[in-house]
$ cat final.pdb   # PDB, C-alpha atoms, pLDDT in the B column
MODEL        1
ATOM      1  CA  MET U   1     -53.538  31.785  45.496  1.00 42.00           C
ATOM      2  CA  LYS U   2     -52.575  28.115  45.509  1.00 41.00           C
ATOM      3  CA  THR U   3     -52.854  28.010  41.686  1.00 39.00           C
ATOM      4  CA  VAL U   4     -50.548  31.011  41.338  1.00 35.00           C
ATOM      5  CA  ILE U   5     -47.933  29.321  43.534  1.00 35.00           C
ATOM      6  CA  ILE U   6     -48.146  26.081  41.528  1.00 35.00           C
ATOM      7  CA  ILE U   7     -47.767  27.961  38.208  1.00 36.00           C
ATOM      8  CA  PHE U   8     -44.859  29.997  39.591  1.00 35.00           C
ATOM      9  CA  SER U   9     -43.150  26.802  40.831  1.00 35.00           C
ATOM     10  CA  PHE U  10     -43.624  25.195  37.410  1.00 38.00           C
ATOM     11  CA  PHE U  11     -41.937  28.113  35.624  1.00 38.00           C
ATOM     12  CA  CYS U  12     -39.132  28.221  38.192  1.00 37.00           C
ATOM     13  CA  THR U  13     -38.510  24.520  37.560  1.00 35.00           C
ATOM     14  CA  LEU U  14     -38.378  25.149  33.811  1.00 36.00           C
ATOM     15  CA  SER U  15     -35.972  27.996  34.361  1.00 36.00           C
ATOM     16  CA  ILE U  16     -33.616  26.172  36.695  1.00 39.00           C
ATOM     17  CA  ASN U  17     -33.477  22.922  34.749  1.00 46.00           C
ATOM     18  CA  GLY U  18     -32.577  23.922  31.194  1.00 59.00           C
ATOM     19  CA  GLN U  19     -33.059  21.116  28.733  1.00 74.00           C
ATOM     20  CA  ARG U  20     -30.175  18.869  27.815  1.00 87.00           C
ATOM     21  CA  LEU U  21     -29.184  18.376  24.185  1.00 92.00           C
ATOM     22  CA  TYR U  22     -28.835  14.965  22.552  1.00 94.00           C
ATOM     23  CA  LYS U  23     -27.125  13.646  19.433  1.00 95.00           C
ATOM     24  CA  ASP U  24     -30.431  12.606  17.848  1.00 94.00           C
ATOM     25  CA  LYS U  25     -32.383  15.439  16.201  1.00 96.00           C
ATOM     26  CA  THR U  26     -35.826  14.158  17.189  1.00 96.00           C
ATOM     27  CA  THR U  27     -34.813  13.618  20.817  1.00 95.00           C
ATOM     28  CA  THR U  28     -33.223  17.078  21.046  1.00 94.00           C
ATOM     29  CA  LEU U  29     -36.208  18.881  19.521  1.00 96.00           C
ATOM     30  CA  SER U  30     -38.600  16.898  21.752  1.00 95.00           C
ATOM     31  CA  ALA U  31     -36.594  17.872  24.852  1.00 92.00           C
ATOM     32  CA  ILE U  32     -36.841  21.539  23.861  1.00 93.00           C
ATOM     33  CA  THR U  33     -40.606  21.263  23.431  1.00 93.00           C
ATOM     34  CA  GLU U  34     -41.012  19.354  26.710  1.00 92.00           C
ATOM     35  CA  LYS U  35     -39.369  22.245  28.564  1.00 88.00           C
ATOM     36  CA  GLY U  36     -41.996  24.610  27.160  1.00 89.00           C
ATOM     37  CA  ASN U  37     -39.795  26.225  24.515  1.00 90.00           C
ATOM     38  CA  THR U  38     -40.603  26.656  20.832  1.00 93.00           C
ATOM     39  CA  PHE U  39     -38.016  26.198  18.109  1.00 96.00           C
ATOM     40  CA  THR U  40     -37.992  27.502  14.546  1.00 97.00           C
ATOM     41  CA  GLN U  41     -36.154  26.276  11.487  1.00 97.00           C
ATOM     42  CA  ASP U  42     -33.790  28.737   9.798  1.00 96.00           C
ATOM     43  CA  GLN U  43     -35.237  30.059   6.528  1.00 95.00           C
ATOM     44  CA  LYS U  44     -31.906  29.931   4.678  1.00 95.00           C
ATOM     45  CA  ASN U  45     -30.531  26.645   6.035  1.00 96.00           C
ATOM     46  CA  SER U  46     -32.910  23.769   6.831  1.00 96.00           C
ATOM     47  CA  ASN U  47     -30.224  22.116   9.011  1.00 97.00           C
ATOM     48  CA  VAL U  48     -30.262  25.016  11.497  1.00 98.00           C
ATOM     49  CA  TYR U  49     -32.835  25.589  14.247  1.00 98.00           C
ATOM     50  CA  TRP U  50     -33.226  28.456  16.739  1.00 97.00           C
ATOM     51  CA  TYR U  51     -34.951  28.743  20.106  1.00 96.00           C
ATOM     52  CA  LYS U  52     -34.936  30.802  23.292  1.00 94.00           C
ATOM     53  CA  ARG U  53     -33.527  28.967  26.278  1.00 89.00           C
ATOM     54  CA  TYR U  54     -34.531  29.744  29.867  1.00 85.00           C
ATOM     55  CA  ASP U  55     -32.494  28.343  32.751  1.00 85.00           C
ATOM     56  CA  ASN U  56     -30.762  29.417  35.965  1.00 86.00           C
ATOM     57  CA  TYR U  57     -28.643  31.913  33.962  1.00 86.00           C
ATOM     58  CA  GLY U  58     -31.682  33.613  32.465  1.00 84.00           C
ATOM     59  CA  GLU U  59     -32.670  33.920  28.840  1.00 88.00           C
ATOM     60  CA  SER U  60     -30.427  33.111  25.901  1.00 92.00           C
ATOM     61  CA  ILE U  61     -30.792  32.332  22.202  1.00 94.00           C
ATOM     62  CA  VAL U  62     -29.632  28.920  20.960  1.00 96.00           C
ATOM     63  CA  GLN U  63     -28.622  27.940  17.453  1.00 97.00           C
ATOM     64  CA  LEU U  64     -28.587  24.190  16.721  1.00 98.00           C
ATOM     65  CA  THR U  65     -26.834  22.835  13.623  1.00 98.00           C
ATOM     66  CA  PHE U  66     -27.735  19.343  12.454  1.00 98.00           C
ATOM     67  CA  GLU U  67     -26.173  17.106   9.842  1.00 97.00           C
ATOM     68  CA  GLY U  68     -28.852  14.680   8.743  1.00 94.00           C
ATOM     69  CA  ASN U  69     -30.425  13.386  11.951  1.00 95.00           C
ATOM     70  CA  ASN U  70     -27.397  14.203  14.146  1.00 96.00           C
ATOM     71  CA  LEU U  71     -26.681  17.332  16.138  1.00 97.00           C
ATOM     72  CA  LYS U  72     -23.221  18.667  15.273  1.00 97.00           C
ATOM     73  CA  LYS U  73     -23.012  21.982  17.107  1.00 97.00           C
ATOM     74  CA  ALA U  74     -24.968  24.169  19.501  1.00 97.00           C
ATOM     75  CA  ILE U  75     -24.241  27.822  20.168  1.00 96.00           C
ATOM     76  CA  ILE U  76     -25.793  29.519  23.196  1.00 95.00           C
ATOM     77  CA  ILE U  77     -25.774  33.293  22.726  1.00 93.00           C
ATOM     78  CA  HIS U  78     -25.929  35.572  25.775  1.00 90.00           C
ATOM     79  CA  LEU U  79     -26.369  39.248  26.492  1.00 82.00           C
ATOM     80  CA  ASP U  80     -24.492  38.980  29.786  1.00 84.00           C
ATOM     81  CA  PRO U  81     -20.753  38.152  29.500  1.00 81.00           C
ATOM     82  CA  THR U  82     -20.667  36.302  32.821  1.00 83.00           C
ATOM     83  CA  GLN U  83     -23.094  33.642  31.594  1.00 88.00           C
ATOM     84  CA  THR U  84     -20.651  31.982  29.195  1.00 87.00           C
ATOM     85  CA  LEU U  85     -17.925  31.778  31.836  1.00 85.00           C
ATOM     86  CA  ASN U  86     -20.368  30.416  34.416  1.00 89.00           C
ATOM     87  CA  ARG U  87     -21.540  27.720  31.992  1.00 91.00           C
ATOM     88  CA  LEU U  88     -17.941  26.663  31.308  1.00 89.00           C
ATOM     89  CA  LYS U  89     -17.310  26.603  35.056  1.00 88.00           C
ATOM     90  CA  ASP U  90     -20.383  24.339  35.487  1.00 89.00           C
ATOM     91  CA  VAL U  91     -19.014  21.919  32.886  1.00 92.00           C
ATOM     92  CA  TYR U  92     -15.519  21.957  34.419  1.00 89.00           C
ATOM     93  CA  ALA U  93     -16.902  21.244  37.892  1.00 89.00           C
ATOM     94  CA  LYS U  94     -18.433  17.974  36.629  1.00 87.00           C
ATOM     95  CA  THR U  95     -15.334  16.632  34.822  1.00 90.00           C
ATOM     96  CA  ASN U  96     -13.130  13.738  35.864  1.00 91.00           C
ATOM     97  CA  ASN U  97      -9.322  14.140  36.195  1.00 91.00           C
ATOM     98  CA  SER U  98      -8.453  13.274  32.576  1.00 92.00           C
ATOM     99  CA  GLU U  99     -11.141  15.579  31.214  1.00 93.00           C
ATOM    100  CA  ALA U 100     -10.073  18.403  33.524  1.00 91.00           C
ATOM    101  CA  ASP U 101      -6.608  18.251  31.923  1.00 91.00           C
ATOM    102  CA  THR U 102      -8.140  19.175  28.536  1.00 90.00           C
ATOM    103  CA  PHE U 103      -9.441  22.528  29.782  1.00 91.00           C
ATOM    104  CA  ASP U 104      -7.753  25.784  28.870  1.00 86.00           C
ATOM    105  CA  PRO U 105      -8.426  28.570  31.353  1.00 75.00           C
ATOM    106  CA  PRO U 106     -10.665  31.335  30.033  1.00 72.00           C
ATOM    107  CA  SER U 107      -7.915  33.891  29.552  1.00 71.00           C
ATOM    108  CA  ASN U 108      -8.839  36.969  27.553  1.00 64.00           C
ATOM    109  CA  GLY U 109     -12.470  35.828  27.562  1.00 66.00           C
ATOM    110  CA  TYR U 110     -11.853  32.496  25.834  1.00 78.00           C
ATOM    111  CA  GLY U 111     -11.758  29.015  27.290  1.00 86.00           C
ATOM    112  CA  LYS U 112     -12.383  25.458  26.150  1.00 91.00           C
ATOM    113  CA  GLY U 113     -12.292  21.822  27.159  1.00 93.00           C
ATOM    114  CA  ILE U 114     -13.704  18.363  26.519  1.00 95.00           C
ATOM    115  CA  ALA U 115     -16.249  16.749  28.843  1.00 95.00           C
ATOM    116  CA  SER U 116     -18.824  13.951  28.824  1.00 94.00           C
ATOM    117  CA  ASN U 117     -22.370  13.740  30.167  1.00 91.00           C
ATOM    118  CA  THR U 118     -22.737  17.346  31.263  1.00 91.00           C
ATOM    119  CA  PRO U 119     -25.933  19.236  32.070  1.00 89.00           C
ATOM    120  CA  TYR U 120     -25.757  20.597  28.504  1.00 92.00           C
ATOM    121  CA  TYR U 121     -25.121  17.491  26.408  1.00 92.00           C
ATOM    122  CA  SER U 122     -25.640  13.780  27.046  1.00 88.00           C
ATOM    123  CA  GLY U 123     -22.432  12.573  25.314  1.00 92.00           C
ATOM    124  CA  LYS U 124     -18.839  13.704  24.775  1.00 95.00           C
ATOM    125  CA  ALA U 125     -18.347  17.246  23.480  1.00 96.00           C
ATOM    126  CA  GLN U 126     -15.898  20.108  23.297  1.00 96.00           C
ATOM    127  CA  PHE U 127     -17.151  23.129  25.192  1.00 95.00           C
ATOM    128  CA  GLU U 128     -15.941  26.636  24.394  1.00 93.00           C
ATOM    129  CA  CYS U 129     -16.762  30.050  25.721  1.00 90.00           C
ATOM    130  CA  LYS U 130     -16.016  33.242  23.871  1.00 86.00           C
ATOM    131  CA  ASN U 131     -16.401  36.640  25.433  1.00 80.00           C
ATOM    132  CA  ASN U 132     -15.455  39.223  22.829  1.00 72.00           C
ATOM    133  CA  TYR U 133     -16.108  42.439  24.730  1.00 68.00           C
ATOM    134  CA  SER U 134     -15.431  44.735  21.763  1.00 66.00           C
ATOM    135  CA  SER U 135     -18.118  43.162  19.568  1.00 69.00           C
ATOM    136  CA  LYS U 136     -20.327  41.983  22.468  1.00 74.00           C
ATOM    137  CA  ASP U 137     -20.253  38.351  21.300  1.00 77.00           C
ATOM    138  CA  TYR U 138     -20.879  36.192  24.346  1.00 89.00           C
ATOM    139  CA  LEU U 139     -20.986  32.635  23.018  1.00 92.00           C
ATOM    140  CA  PHE U 140     -21.062  29.234  24.702  1.00 93.00           C
ATOM    141  CA  ILE U 141     -20.309  26.653  22.002  1.00 94.00           C
ATOM    142  CA  ILE U 142     -20.883  22.889  22.175  1.00 96.00           C
ATOM    143  CA  ILE U 143     -19.207  20.804  19.445  1.00 96.00           C
ATOM    144  CA  LEU U 144     -20.214  17.144  19.535  1.00 96.00           C
ATOM    145  CA  LEU U 145     -17.359  14.626  19.478  1.00 95.00           C
ATOM    146  CA  ASP U 146     -19.239  11.314  19.601  1.00 80.00           C
TER     147      ASP U 146
ENDMDL
END

$ encode --input "final.pdb" --output "structure tokens"
Amino acid sequence: MKTVIIIFSFFCTLSINGQRLYKDKTTTLSAITEKGNTFTQDQKNSNVYWYKRYDNYGESIVQLTFEGNNLKKAIIIHLDPTQTLNRLKDVYAKTNNSEADTFDPPSNGYGKGIASNTPYYSGKAQFECKNNYSSKDYLFIIILLD
């Protein structure tokens, strides 16, 4: 019974603390592996990687786009439309006053802003959420700015 509780606690910890992304390709891919996830390289574009992400919002699919050894963009794809808005709200809650001024409210299912050192990325990035209800595209986009 004790072993089951320890294993359950381990998976809960993985789920709650989703891995952070980094500018460096090797560091980002290592962080994904350390959290128990497996990534695959896109067959058509060797600069693109995919993996399933598990965190406090559940399961999502992530597409990472690299340019050389640098991460340029990450797209977190959800099945639940509330997840993208909740992620943007998490980022906004951690911003300072000048960063908070960059945020557009998520009207009509779209919002964006610039923030640094968030739970999602270790540097400065533009965060966007897109909730297109007609096509069921629920995207949380991270565009690196540093």

$ resolve_selection --input "final.pdb" --expression "the PyMOL selection byres ((chain U and resi 68) around 12)" --output "JSON, numbers by chain"
{"U": [23, 24, 25, 26, 46, 47, 48, 65, 66, 67, 69, 70, 71, 72]}

$ resolve_selection --input "final.pdb" --expression "the PyMOL selection byres ((chain U and resi 56-61) around 12)" --output "VMD selection string"
chain U and resid 11 to 19 37 to 40 49 to 55 62 to 64 74 to 87 90 119 138 to 141

$ write_last_selection --input "final.pdb" --atoms "C-alpha atoms" --output "compact mmCIF listing (two decimals), keeping the file's coordinate frame"
# COMPACT_ATOMS: atom_id res chain seq x y z
CA PHE U 11 -41.94 28.11 35.62
CA CYS U 12 -39.13 28.22 38.19
CA THR U 13 -38.51 24.52 37.56
CA LEU U 14 -38.38 25.15 33.81
CA SER U 15 -35.97 28.00 34.36
CA ILE U 16 -33.62 26.17 36.70
CA ASN U 17 -33.48 22.92 34.75
CA GLY U 18 -32.58 23.92 31.19
CA GLN U 19 -33.06 21.12 28.73
CA ASN U 37 -39.80 26.22 24.52
CA THR U 38 -40.60 26.66 20.83
CA PHE U 39 -38.02 26.20 18.11
CA THR U 40 -37.99 27.50 14.55
CA TYR U 49 -32.84 25.59 14.25
CA TRP U 50 -33.23 28.46 16.74
CA TYR U 51 -34.95 28.74 20.11
CA LYS U 52 -34.94 30.80 23.29
CA ARG U 53 -33.53 28.97 26.28
CA TYR U 54 -34.53 29.74 29.87
CA ASP U 55 -32.49 28.34 32.75
CA VAL U 62 -29.63 28.92 20.96
CA GLN U 63 -28.62 27.94 17.45
CA LEU U 64 -28.59 24.19 16.72
CA ALA U 74 -24.97 24.17 19.50
CA ILE U 75 -24.24 27.82 20.17
CA ILE U 76 -25.79 29.52 23.20
CA ILE U 77 -25.77 33.29 22.73
CA HIS U 78 -25.93 35.57 25.78
CA LEU U 79 -26.37 39.25 26.49
CA ASP U 80 -24.49 38.98 29.79
CA PRO U 81 -20.75 38.15 29.50
CA THR U 82 -20.67 36.30 32.82
CA GLN U 83 -23.09 33.64 31.59
CA THR U 84 -20.65 31.98 29.20
CA LEU U 85 -17.92 31.78 31.84
CA ASN U 86 -20.37 30.42 34.42
CA ARG U 87 -21.54 27.72 31.99
CA ASP U 90 -20.38 24.34 35.49
CA PRO U 119 -25.93 19.24 32.07
CA TYR U 138 -20.88 36.19 24.35
CA LEU U 139 -20.99 32.64 23.02
CA PHE U 140 -21.06 29.23 24.70
CA ILE U 141 -20.31 26.65 22.00

$ resolve_selection --input "final.pdb" --expression "the PyMOL selection byres ((chain U and resi 110) around 12)" --output "ChimeraX atom specification"
/U:81-82,84-85,88,103-109,111-113,127-133,137-141

$ atom_distance --input "final.pdb" --atom1 "atom CA of U:Lys44" --atom2 "atom CA of U:Ser122"
28.3 Å

$ atom_distance --input "final.pdb" --atom1 "atom CA of U:Ala93" --atom2 "atom CA of U:Tyr22"
20.4 Å

$ atom_distance --input "final.pdb" --atom1 "atom CA of U:Lys35" --atom2 "atom CA of U:Lys124"
22.6 Å
